[in-house]
Amino acid sequence: MASIAPVLERADANLPQSLERLFDLVRIKSISTDPAYKAECRKAAEWLVAELQALGFEASVRDTPGHPMVVAHHQAATANAPHLLFYGHYDVQPVDPLNLWEAPPFEPAVREIAPGRKVLTGRGTSDDKGQLMTFVEAVRAYKEARGALPCRITILFEGEEESGSHSLKPFLEANAAELKADYALICDTGMWDRETPAISAGLRGLVGEEIVVRAADRDLHSGLFGGAAANPIHILTGILAGLHDETGRVTLDNFYDGVEETPAEIKASWEKLGRTAENFLGEVGLSIPAGETGRSVLELTWARPTAEVNGIVGGYTGEGFKTVIAAEASAKVSFRLVGNQDPAKVRESFRAYVRSKIPADCSVEFHEHGASPAIHLPYDSELLTRAKAALSQEWPKPAIVIGMGGSIPIVGDFQKMLGMESLLVGFGLADDRIHSPNEKYELQSFHKGIRSWIRILDALA
């Protein structure tokens with residue numbers, strides 16, 4: 001196999017021009033949530049198409065009911081090379097409040113914030129224009145140094161990620177045959193720290209449910225009826241309290257079906273990261289973990305399922321005091337799922353549990369609020385193993401495999417609709433202030449991010 005040193009050297013030599021191109025993209029005010037910037041979103045899509053066409057891609061702007069997609073294709077040097085789909089988004093968050101920005105948000109610049117530490121400033125530098133451009137610039141270096149690409153590459157850039165991705169699923173459904181690849185690559189995540197790259201192997205799924213418990217046909221005087229009439233707040237709070245046992249485990253029947261233990265070597269690698277209950281919860285004024293006993297905070301947030309009460313309403317909540325027994329009480333409950341937990345079965349188990357606690361003369365009503373399964377790349381996946389080795393060659397510290405407590409819908413869509421595993425590699429940092437004033441992206445993240453994708457493409461090829 002040919003050395004990738006010339007490709008890395010080309011990326012290094014291109015860095016000044018790579019920054020100029022990124023800054024040109026950042027200057028486009030592609031705020032997807034505000035209709036006033038509709039033309040700017042299209043301008044960003046057209047700018048990306050022009051850049052990709054200049055690199056030899058067959059690229060086009062694809063219209064949707066919302067903001068346009070960018071789709072591009074490039075063949076590989078060899079016919080049997082793997083086919084990769086790279087995803088990113090060109091839209092950005094609004095900049096409000098503008099008065100908190102230290103510099104105009106769409107006038108990007110390089111700033112030195114500490115000796116030897118330079119950052120790129122401006123809206124979208126980290127989320128996600130800087131991230132997606134690391135891949136584009138890696139492709140550029142490959143083409144200029146080798147004249148060809150090591151993998152067959154399809155690119156999908158969307159313009160509605162920051163406003164709900166309403167056009168994405170219909171677009172995937174309509175263009176599934178064109179977009180399906182061997183693997184998906186997503187660059188919209190972060191590193192563990194400035195020296196340690198990370199691959200996100202797991203994303204928790206989600207089930208959202210609202211329950212309404214009803215008793216009497218009206219609010220009752222608590223002096224006249226108290227002690228005799230059913231109180232829906234009592235019923236509801238008893239139901240919610242019973243969701244967990246004394247060890248923090250969820251009590252629903254068959255809830256843990258599909259939940260596997262995290263491999264010992266992965267847990268050992270997490271323990272080395274130094275994340276403790278004290279330094280994790282201390283940032284929010286807490287110190288004692290509340291989940292399953294005997295598990296680390298990283299395991300609790302990355303690899304274990306949860307049941308959380310997100311809101312509860314019942315009775316009189318205004319100023320002063322009103323002695324009533326409410327006619328109804330409601331709560332919003334969410335479950336974060338891991339492994340192969342089935343969202344539909346979790347929802348039905350929860351509903352069966354609730355129904356079993358409702359007195360015969362009372363009633364309960366349920367309202368769905370979405371459901372998605374967990375996504376997990378097997379820890380022994382060849383895709384993960386190769387990418388991990390490639391990243392470890394580039395950064396000062398070896399790459400680690402982490403989980404994510406939240407969800408990224410596109411990953412589930414790629415798996416369910418296109419049958420693809422996704423590799424989540426990003427170079428953002430926790431202090432990049434995405435979605436906030438004064439967003440920034442480390443110059444090192446941008447530069448070494450380009451070099452990282454070169455190494456990953458080479459490893460996957």
# chains A, B, ... in the order shown; residues from 1 in each chain; ligands from 1
>>> residues_around(residues="Thr64 in chain A", least_positions_apart="2", cutoff="12 Å", atoms="only C-alpha atoms", output="list in words")
Arg42, Val61, Arg62, Gly66, His67, Pro68, Met69, Val70, Glu158, Gly159, Glu160, Ser165, His166, Ser167, Leu168, Lys169, Pro170, Phe171, Leu172 and Ala174 of chain A
>>> select_by_dssp(residues="range 115-348 of chain A", states="helix (DSSP H, G or I)", output="mmCIF file with N, CA and C atoms, in the first residue's frame")
data_model
loop_
_atom_site.group_PDB
_atom_site.id
_atom_site.type_symbol
_atom_site.label_atom_id
_atom_site.label_comp_id
_atom_site.auth_asym_id
_atom_site.auth_seq_id
_atom_site.Cartn_x
_atom_site.Cartn_y
_atom_site.Cartn_z
ATOM 1 N N LYS A 129 -19.929 23.561 10.266
ATOM 2 C CA LYS A 129 -19.198 23.877 9.045
ATOM 3 C C LYS A 129 -17.721 23.513 9.158
ATOM 4 N N GLY A 130 -17.118 23.836 10.291
ATOM 5 C CA GLY A 130 -15.721 23.466 10.474
ATOM 6 C C GLY A 130 -15.528 21.967 10.452
ATOM 7 N N GLN A 131 -16.487 21.247 11.033
ATOM 8 C CA GLN A 131 -16.397 19.792 11.084
ATOM 9 C C GLN A 131 -16.540 19.176 9.686
ATOM 10 N N LEU A 132 -17.550 19.590 8.937
ATOM 11 C CA LEU A 132 -17.744 18.988 7.615
ATOM 12 C C LEU A 132 -16.607 19.360 6.667
ATOM 13 N N MET A 133 -16.029 20.558 6.854
ATOM 14 C CA MET A 133 -14.936 20.961 5.977
ATOM 15 C C MET A 133 -13.646 20.194 6.263
ATOM 16 N N THR A 134 -13.517 19.604 7.453
ATOM 17 C CA THR A 134 -12.350 18.746 7.670
ATOM 18 C C THR A 134 -12.365 17.593 6.672
ATOM 19 N N PHE A 135 -13.534 17.061 6.398
ATOM 20 C CA PHE A 135 -13.636 15.947 5.455
ATOM 21 C C PHE A 135 -13.419 16.423 4.026
ATOM 22 N N VAL A 136 -14.029 17.537 3.656
ATOM 23 C CA VAL A 136 -13.862 18.068 2.294
ATOM 24 C C VAL A 136 -12.394 18.351 2.017
ATOM 25 N N GLU A 137 -11.702 18.930 3.000
ATOM 26 C CA GLU A 137 -10.290 19.250 2.798
ATOM 27 C C GLU A 137 -9.418 18.002 2.792
ATOM 28 N N ALA A 138 -9.829 16.952 3.505
ATOM 29 C CA ALA A 138 -9.115 15.680 3.431
ATOM 30 C C ALA A 138 -9.233 15.097 2.033
ATOM 31 N N VAL A 139 -10.429 15.170 1.460
ATOM 32 C CA VAL A 139 -10.643 14.702 0.088
ATOM 33 C C VAL A 139 -9.793 15.519 -0.885
ATOM 34 N N ARG A 140 -9.744 16.831 -0.659
ATOM 35 C CA ARG A 140 -8.947 17.695 -1.539
ATOM 36 C C ARG A 140 -7.475 17.269 -1.522
ATOM 37 N N ALA A 141 -6.939 17.039 -0.319
ATOM 38 C CA ALA A 141 -5.533 16.649 -0.207
ATOM 39 C C ALA A 141 -5.281 15.331 -0.925
ATOM 40 N N TYR A 142 -6.217 14.396 -0.799
ATOM 41 C CA TYR A 142 -6.078 13.113 -1.478
ATOM 42 C C TYR A 142 -6.047 13.291 -2.999
ATOM 43 N N LYS A 143 -6.990 14.084 -3.512
ATOM 44 C CA LYS A 143 -7.059 14.280 -4.955
ATOM 45 C C LYS A 143 -5.796 14.966 -5.478
ATOM 46 N N GLU A 144 -5.309 15.964 -4.762
ATOM 47 C CA GLU A 144 -4.145 16.705 -5.232
ATOM 48 C C GLU A 144 -2.868 15.880 -5.135
ATOM 49 N N ALA A 145 -2.769 15.039 -4.091
ATOM 50 C CA ALA A 145 -1.546 14.258 -3.908
ATOM 51 C C ALA A 145 -1.544 12.969 -4.725
ATOM 52 N N ARG A 146 -2.719 12.367 -4.891
ATOM 53 C CA ARG A 146 -2.783 11.059 -5.541
ATOM 54 C C ARG A 146 -3.537 11.060 -6.875
ATOM 55 N N GLU A 161 -30.724 20.675 9.991
ATOM 56 C CA GLU A 161 -30.414 19.934 11.208
ATOM 57 C C GLU A 161 -30.738 20.758 12.448
ATOM 58 N N GLU A 162 -30.493 22.049 12.395
ATOM 59 C CA GLU A 162 -30.724 22.911 13.551
ATOM 60 C C GLU A 162 -32.183 23.332 13.691
ATOM 61 N N SER A 163 -33.034 22.885 12.772
ATOM 62 C CA SER A 163 -34.448 23.244 12.853
ATOM 63 C C SER A 163 -35.355 22.027 12.745
ATOM 64 N N LEU A 168 -35.562 15.561 6.019
ATOM 65 C CA LEU A 168 -34.544 14.534 5.868
ATOM 66 C C LEU A 168 -35.124 13.142 5.636
ATOM 67 N N LYS A 169 -36.070 12.714 6.483
ATOM 68 C CA LYS A 169 -36.617 11.361 6.317
ATOM 69 C C LYS A 169 -37.277 11.175 4.954
ATOM 70 N N PRO A 170 -38.147 12.085 4.530
ATOM 71 C CA PRO A 170 -38.731 11.919 3.191
ATOM 72 C C PRO A 170 -37.666 11.875 2.101
ATOM 73 N N PHE A 171 -36.602 12.647 2.276
ATOM 74 C CA PHE A 171 -35.534 12.658 1.277
ATOM 75 C C PHE A 171 -34.804 11.323 1.256
ATOM 76 N N LEU A 172 -34.528 10.764 2.447
ATOM 77 C CA LEU A 172 -33.873 9.460 2.509
ATOM 78 C C LEU A 172 -34.754 8.378 1.886
ATOM 79 N N GLU A 173 -36.043 8.439 2.176
ATOM 80 C CA GLU A 173 -36.964 7.450 1.609
ATOM 81 C C GLU A 173 -36.989 7.531 0.085
ATOM 82 N N ALA A 174 -37.018 8.745 -0.436
ATOM 83 C CA ALA A 174 -37.127 8.934 -1.883
ATOM 84 C C ALA A 174 -35.825 8.617 -2.610
ATOM 85 N N ALA A 176 -33.230 6.441 -1.322
ATOM 86 C CA ALA A 176 -32.519 5.401 -0.572
ATOM 87 C C ALA A 176 -31.525 4.641 -1.440
ATOM 88 N N ALA A 177 -31.906 4.280 -2.639
ATOM 89 C CA ALA A 177 -31.012 3.501 -3.497
ATOM 90 C C ALA A 177 -29.753 4.285 -3.837
ATOM 91 N N GLU A 178 -29.902 5.583 -4.046
ATOM 92 C CA GLU A 178 -28.752 6.412 -4.403
ATOM 93 C C GLU A 178 -27.815 6.632 -3.217
ATOM 94 N N LEU A 179 -28.364 6.736 -2.008
ATOM 95 C CA LEU A 179 -27.578 7.114 -0.845
ATOM 96 C C LEU A 179 -27.012 5.929 -0.074
ATOM 97 N N SER A 222 -61.442 19.420 49.839
ATOM 98 C CA SER A 222 -60.681 18.383 50.539
ATOM 99 C C SER A 222 -61.179 18.144 51.955
ATOM 100 N N GLY A 223 -61.980 19.100 52.493
ATOM 101 C CA GLY A 223 -62.565 18.867 53.802
ATOM 102 C C GLY A 223 -63.775 17.962 53.723
ATOM 103 N N LEU A 224 -64.573 18.140 52.657
ATOM 104 C CA LEU A 224 -65.785 17.333 52.508
ATOM 105 C C LEU A 224 -65.488 15.931 51.999
ATOM 106 N N PHE A 225 -64.516 15.820 51.103
ATOM 107 C CA PHE A 225 -64.269 14.536 50.449
ATOM 108 C C PHE A 225 -62.952 13.881 50.840
ATOM 109 N N PRO A 232 -56.138 11.735 42.443
ATOM 110 C CA PRO A 232 -55.297 11.341 41.304
ATOM 111 C C PRO A 232 -53.824 11.709 41.479
ATOM 112 N N ILE A 233 -53.546 12.737 42.285
ATOM 113 C CA ILE A 233 -52.137 13.079 42.535
ATOM 114 C C ILE A 233 -51.478 11.983 43.355
ATOM 115 N N HIS A 234 -52.207 11.468 44.374
ATOM 116 C CA HIS A 234 -51.675 10.348 45.154
ATOM 117 C C HIS A 234 -51.434 9.132 44.257
ATOM 118 N N ILE A 235 -52.394 8.848 43.399
ATOM 119 C CA ILE A 235 -52.280 7.688 42.502
ATOM 120 C C ILE A 235 -51.075 7.850 41.583
ATOM 121 N N LEU A 236 -50.975 9.043 40.988
ATOM 122 C CA LEU A 236 -49.901 9.294 40.032
ATOM 123 C C LEU A 236 -48.525 9.240 40.689
ATOM 124 N N THR A 237 -48.376 9.901 41.821
ATOM 125 C CA THR A 237 -47.062 9.917 42.468
ATOM 126 C C THR A 237 -46.663 8.531 42.953
ATOM 127 N N GLY A 238 -47.658 7.725 43.352
ATOM 128 C CA GLY A 238 -47.354 6.346 43.723
ATOM 129 C C GLY A 238 -46.848 5.544 42.529
ATOM 130 N N ILE A 239 -47.480 5.773 41.379
ATOM 131 C CA ILE A 239 -47.044 5.102 40.150
ATOM 132 C C ILE A 239 -45.611 5.497 39.804
ATOM 133 N N LEU A 240 -45.328 6.789 39.858
ATOM 134 C CA LEU A 240 -43.995 7.276 39.492
ATOM 135 C C LEU A 240 -42.939 6.788 40.476
ATOM 136 N N ALA A 241 -43.285 6.794 41.756
ATOM 137 C CA ALA A 241 -42.328 6.325 42.760
ATOM 138 C C ALA A 241 -42.006 4.851 42.580
ATOM 139 N N ALA A 264 -15.774 -5.627 30.051
ATOM 140 C CA ALA A 264 -14.903 -5.189 31.150
ATOM 141 C C ALA A 264 -13.787 -4.287 30.661
ATOM 142 N N GLU A 265 -13.210 -4.601 29.492
ATOM 143 C CA GLU A 265 -12.105 -3.775 29.011
ATOM 144 C C GLU A 265 -12.556 -2.370 28.628
ATOM 145 N N ILE A 266 -13.811 -2.249 28.157
ATOM 146 C CA ILE A 266 -14.335 -0.918 27.836
ATOM 147 C C ILE A 266 -14.576 -0.128 29.115
ATOM 148 N N LYS A 267 -15.169 -0.778 30.123
ATOM 149 C CA LYS A 267 -15.377 -0.088 31.402
ATOM 150 C C LYS A 267 -14.049 0.320 32.015
ATOM 151 N N ALA A 268 -13.041 -0.521 31.881
ATOM 152 C CA ALA A 268 -11.722 -0.187 32.427
ATOM 153 C C ALA A 268 -11.143 1.036 31.724
ATOM 154 N N SER A 269 -11.359 1.134 30.410
ATOM 155 C CA SER A 269 -10.858 2.309 29.683
ATOM 156 C C SER A 269 -11.596 3.568 30.105
ATOM 157 N N TRP A 270 -12.880 3.445 30.428
ATOM 158 C CA TRP A 270 -13.632 4.605 30.895
ATOM 159 C C TRP A 270 -13.154 5.055 32.274
ATOM 160 N N GLU A 271 -12.825 4.093 33.116
ATOM 161 C CA GLU A 271 -12.354 4.443 34.462
ATOM 162 C C GLU A 271 -11.077 5.268 34.415
ATOM 163 N N ALA A 277 -18.182 10.844 40.099
ATOM 164 C CA ALA A 277 -19.460 11.449 40.468
ATOM 165 C C ALA A 277 -19.246 12.862 40.972
ATOM 166 N N GLU A 278 -18.154 13.062 41.704
ATOM 167 C CA GLU A 278 -17.902 14.382 42.297
ATOM 168 C C GLU A 278 -17.601 15.424 41.225
ATOM 169 N N ASN A 279 -16.700 15.106 40.275
ATOM 170 C CA ASN A 279 -16.360 16.143 39.295
ATOM 171 C C ASN A 279 -17.392 16.265 38.179
ATOM 172 N N PHE A 280 -18.193 15.217 37.958
ATOM 173 C CA PHE A 280 -19.254 15.300 36.949
ATOM 174 C C PHE A 280 -20.477 16.015 37.511
ATOM 175 N N LEU A 281 -20.990 15.522 38.632
ATOM 176 C CA LEU A 281 -22.184 16.120 39.228
ATOM 177 C C LEU A 281 -21.873 17.431 39.943
ATOM 178 N N GLY A 282 -20.617 17.606 40.340
ATOM 179 C CA GLY A 282 -20.251 18.838 41.030
ATOM 180 C C GLY A 282 -20.482 20.077 40.192
ATOM 181 N N GLU A 283 -20.421 19.930 38.860
ATOM 182 C CA GLU A 283 -20.645 21.079 37.981
ATOM 183 C C GLU A 283 -22.072 21.604 38.072
ATOM 184 N N VAL A 284 -23.001 20.774 38.567
ATOM 185 C CA VAL A 284 -24.398 21.204 38.684
ATOM 186 C C VAL A 284 -24.859 21.230 40.142
ATOM 187 N N VAL A 297 -20.495 6.857 36.807
ATOM 188 C CA VAL A 297 -21.339 7.854 36.153
ATOM 189 C C VAL A 297 -21.265 7.731 34.634
ATOM 190 N N LEU A 298 -20.118 7.331 34.078
ATOM 191 C CA LEU A 298 -20.031 7.161 32.632
ATOM 192 C C LEU A 298 -20.865 5.975 32.175
ATOM 193 N N GLU A 299 -20.841 4.890 32.940
ATOM 194 C CA GLU A 299 -21.679 3.752 32.586
ATOM 195 C C GLU A 299 -23.154 4.129 32.688
ATOM 196 N N LEU A 300 -23.519 4.884 33.720
ATOM 197 C CA LEU A 300 -24.912 5.283 33.904
ATOM 198 C C LEU A 300 -25.401 6.166 32.765
ATOM 199 N N THR A 301 -24.538 7.051 32.258
ATOM 200 C CA THR A 301 -24.974 8.002 31.236
ATOM 201 C C THR A 301 -24.730 7.524 29.816
ATOM 202 N N TRP A 302 -23.844 6.556 29.633
ATOM 203 C CA TRP A 302 -23.532 6.091 28.290
ATOM 204 C C TRP A 302 -24.111 4.720 27.952
ATOM 205 N N PRO A 343 -38.447 -0.183 21.706
ATOM 206 C CA PRO A 343 -39.247 0.954 22.191
ATOM 207 C C PRO A 343 -40.724 0.616 22.349
ATOM 208 N N ALA A 344 -41.287 -0.141 21.421
ATOM 209 C CA ALA A 344 -42.713 -0.472 21.486
ATOM 210 C C ALA A 344 -43.014 -1.341 22.704
ATOM 211 N N LYS A 345 -42.129 -2.293 22.992
ATOM 212 C CA LYS A 345 -42.347 -3.166 24.144
ATOM 213 C C LYS A 345 -42.165 -2.404 25.455
ATOM 214 N N VAL A 346 -41.215 -1.472 25.489
ATOM 215 C CA VAL A 346 -41.031 -0.654 26.692
ATOM 216 C C VAL A 346 -42.274 0.188 26.938
ATOM 217 N N ARG A 347 -42.824 0.779 25.884
ATOM 218 C CA ARG A 347 -44.025 1.602 26.037
ATOM 219 C C ARG A 347 -45.191 0.766 26.560
ATOM 220 N N GLU A 348 -45.378 -0.423 25.987
ATOM 221 C CA GLU A 348 -46.503 -1.256 26.406
ATOM 222 C C GLU A 348 -46.318 -1.768 27.829
#
>>> atom_distance(atom1="CA of Glu328 in chain A", atom2="CA of Gly314 in chain A")
6.3 Å
>>> closest_residue(among="A:Ile211, A:Ala329, A:Leu206, A:Leu429", to="Ile408 in chain A", atoms="only C-alpha atoms")
A:Leu206
>>> closest_atom_pairs(of="range 89-110 of chain A", to="range 19-28 of chain A", cutoff="8 Å", atoms="only C-alpha atoms", output="JSON lines")
{"residue": "A:Phe106", "atom": "CA", "partner": "A:Arg27", "partner_atom": "CA", "distance": 4.8}
{"residue": "A:Glu107", "atom": "CA", "partner": "A:Arg27", "partner_atom": "CA", "distance": 6.0}
{"residue": "A:Pro108", "atom": "CA", "partner": "A:Phe23", "partner_atom": "CA", "distance": 5.9}
{"residue": "A:Ala109", "atom": "CA", "partner": "A:Phe23", "partner_atom": "CA", "distance": 7.8}
>>> write_last_selection(atoms="C-alpha atoms", output="mmCIF file, in the first residue's frame")
data_model
loop_
_atom_site.group_PDB
_atom_site.id
_atom_site.type_symbol
_atom_site.label_atom_id
_atom_site.label_comp_id
_atom_site.auth_asym_id
_atom_site.auth_seq_id
_atom_site.Cartn_x
_atom_site.Cartn_y
_atom_site.Cartn_z
ATOM 1 C CA PHE A 106 -20.358 35.925 10.635
ATOM 2 C CA GLU A 107 -16.928 37.543 10.406
ATOM 3 C CA PRO A 108 -14.675 34.575 11.217
ATOM 4 C CA ALA A 109 -11.131 35.077 12.442
#
>>> closest_residue(among="A:Glu365, A:Asp12, A:Asp342, A:Glu439", to="Asp257 in chain A", atoms="only C-alpha atoms")
A:Asp342
>>> residues_around(residues="range 366-377 of chain A", least_positions_apart="2", cutoff="9 Å", atoms="only C-alpha atoms", output="JSON, numbers by chain")
{"A": [200, 201, 202, 203, 204, 205, 206, 207, 208, 209, 210, 211, 212, 334, 336, 337, 338, 339, 340, 341, 342, 343, 344, 347, 351, 364, 379, 380, 381, 383, 384, 403, 407, 409, 411, 412, 415, 421, 422, 423]}
>>> write_last_selection(atoms="C-alpha atoms", output="mmCIF file, in the first residue's frame")
data_model
loop_
_atom_site.group_PDB
_atom_site.id
_atom_site.type_symbol
_atom_site.label_atom_id
_atom_site.label_comp_id
_atom_site.auth_asym_id
_atom_site.auth_seq_id
_atom_site.Cartn_x
_atom_site.Cartn_y
_atom_site.Cartn_z
ATOM 1 C CA SER A 200 -18.986 7.517 19.770
ATOM 2 C CA ALA A 201 -20.046 3.886 19.561
ATOM 3 C CA GLY A 202 -23.429 4.164 21.216
ATOM 4 C CA LEU A 203 -26.414 6.495 21.259
ATOM 5 C CA ARG A 204 -29.278 5.868 23.631
ATOM 6 C CA GLY A 205 -32.761 5.504 22.218
ATOM 7 C CA LEU A 206 -35.841 7.277 23.544
ATOM 8 C CA VAL A 207 -39.474 6.632 24.447
ATOM 9 C CA GLY A 208 -41.634 9.575 25.467
ATOM 10 C CA GLU A 209 -44.984 9.109 27.178
ATOM 11 C CA GLU A 210 -47.541 11.407 28.827
ATOM 12 C CA ILE A 211 -50.102 9.980 31.234
ATOM 13 C CA VAL A 212 -53.248 11.619 32.552
ATOM 14 C CA SER A 334 -39.180 9.434 29.235
ATOM 15 C CA ARG A 336 -33.553 6.283 27.499
ATOM 16 C CA LEU A 337 -32.864 2.942 25.875
ATOM 17 C CA VAL A 338 -29.668 0.988 25.209
ATOM 18 C CA GLY A 339 -28.653 -2.161 23.373
ATOM 19 C CA ASN A 340 -31.548 -3.970 21.726
ATOM 20 C CA GLN A 341 -34.385 -2.684 23.906
ATOM 21 C CA ASP A 342 -37.592 -2.493 21.863
ATOM 22 C CA PRO A 343 -39.247 0.954 22.191
ATOM 23 C CA ALA A 344 -42.713 -0.472 21.486
ATOM 24 C CA ARG A 347 -44.025 1.602 26.037
ATOM 25 C CA ARG A 351 -48.740 1.264 30.124
ATOM 26 C CA VAL A 364 -55.946 6.833 32.694
ATOM 27 C CA TYR A 379 -17.116 -2.867 20.165
ATOM 28 C CA ASP A 380 -15.330 -5.459 18.032
ATOM 29 C CA SER A 381 -16.504 -3.930 14.735
ATOM 30 C CA LEU A 383 -14.960 -0.298 11.178
ATOM 31 C CA LEU A 384 -14.444 0.887 14.744
ATOM 32 C CA GLY A 403 -21.056 6.430 24.501
ATOM 33 C CA SER A 407 -29.708 10.676 20.569
ATOM 34 C CA PRO A 409 -31.793 10.938 14.870
ATOM 35 C CA VAL A 411 -27.868 7.757 12.955
ATOM 36 C CA GLY A 412 -31.083 5.838 13.546
ATOM 37 C CA GLN A 415 -29.587 2.284 10.235
ATOM 38 C CA GLU A 421 -23.731 1.357 10.528
ATOM 39 C CA SER A 422 -22.459 4.840 11.344
ATOM 40 C CA LEU A 423 -18.997 5.880 12.480
#
>>> closest_atom_pairs(of="range 353-440 of chain A", to="range 110-126 of chain A", cutoff="10 Å", atoms="only C-alpha atoms", output="Markdown table")
| residue | atom | partner | partner_atom | distance |
| --- | --- | --- | --- | --- |
| A:Gly426 | CA | A:Ser126 | CA | 9.7 |
| A:Phe427 | CA | A:Ser126 | CA | 8.4 |
| A:Gly428 | CA | A:Ser126 | CA | 6.1 |
| A:Leu429 | CA | A:Ser126 | CA | 8.6 |
| A:Asp432 | CA | A:Ser126 | CA | 6.8 |
| A:Arg433 | CA | A:Ser126 | CA | 8.5 |
| A:Ile434 | CA | A:Ser126 | CA | 6.7 |
| A:His435 | CA | A:Arg123 | CA | 8.2 |
| A:Ser436 | CA | A:Arg123 | CA | 8.7 |
| A:Pro437 | CA | A:Arg123 | CA | 8.0 |
| A:Asn438 | CA | A:Gly122 | CA | 6.6 |
| A:Glu439 | CA | A:Gly122 | CA | 5.6 |
| A:Lys440 | CA | A:Thr121 | CA | 4.4 |
>>> atom_distance(atom1="CA of Val92 in chain A", atom2="CA of Pro35 in chain A")
13.0 Å
>>> residues_around(residues="Phe86 in chain A", least_positions_apart="6", cutoff="8 Å", atoms="only C-alpha atoms", output="list in words")
Ile153, Thr154, Ile155, Leu156, Ala184, Leu185 and Ile186 of chain A
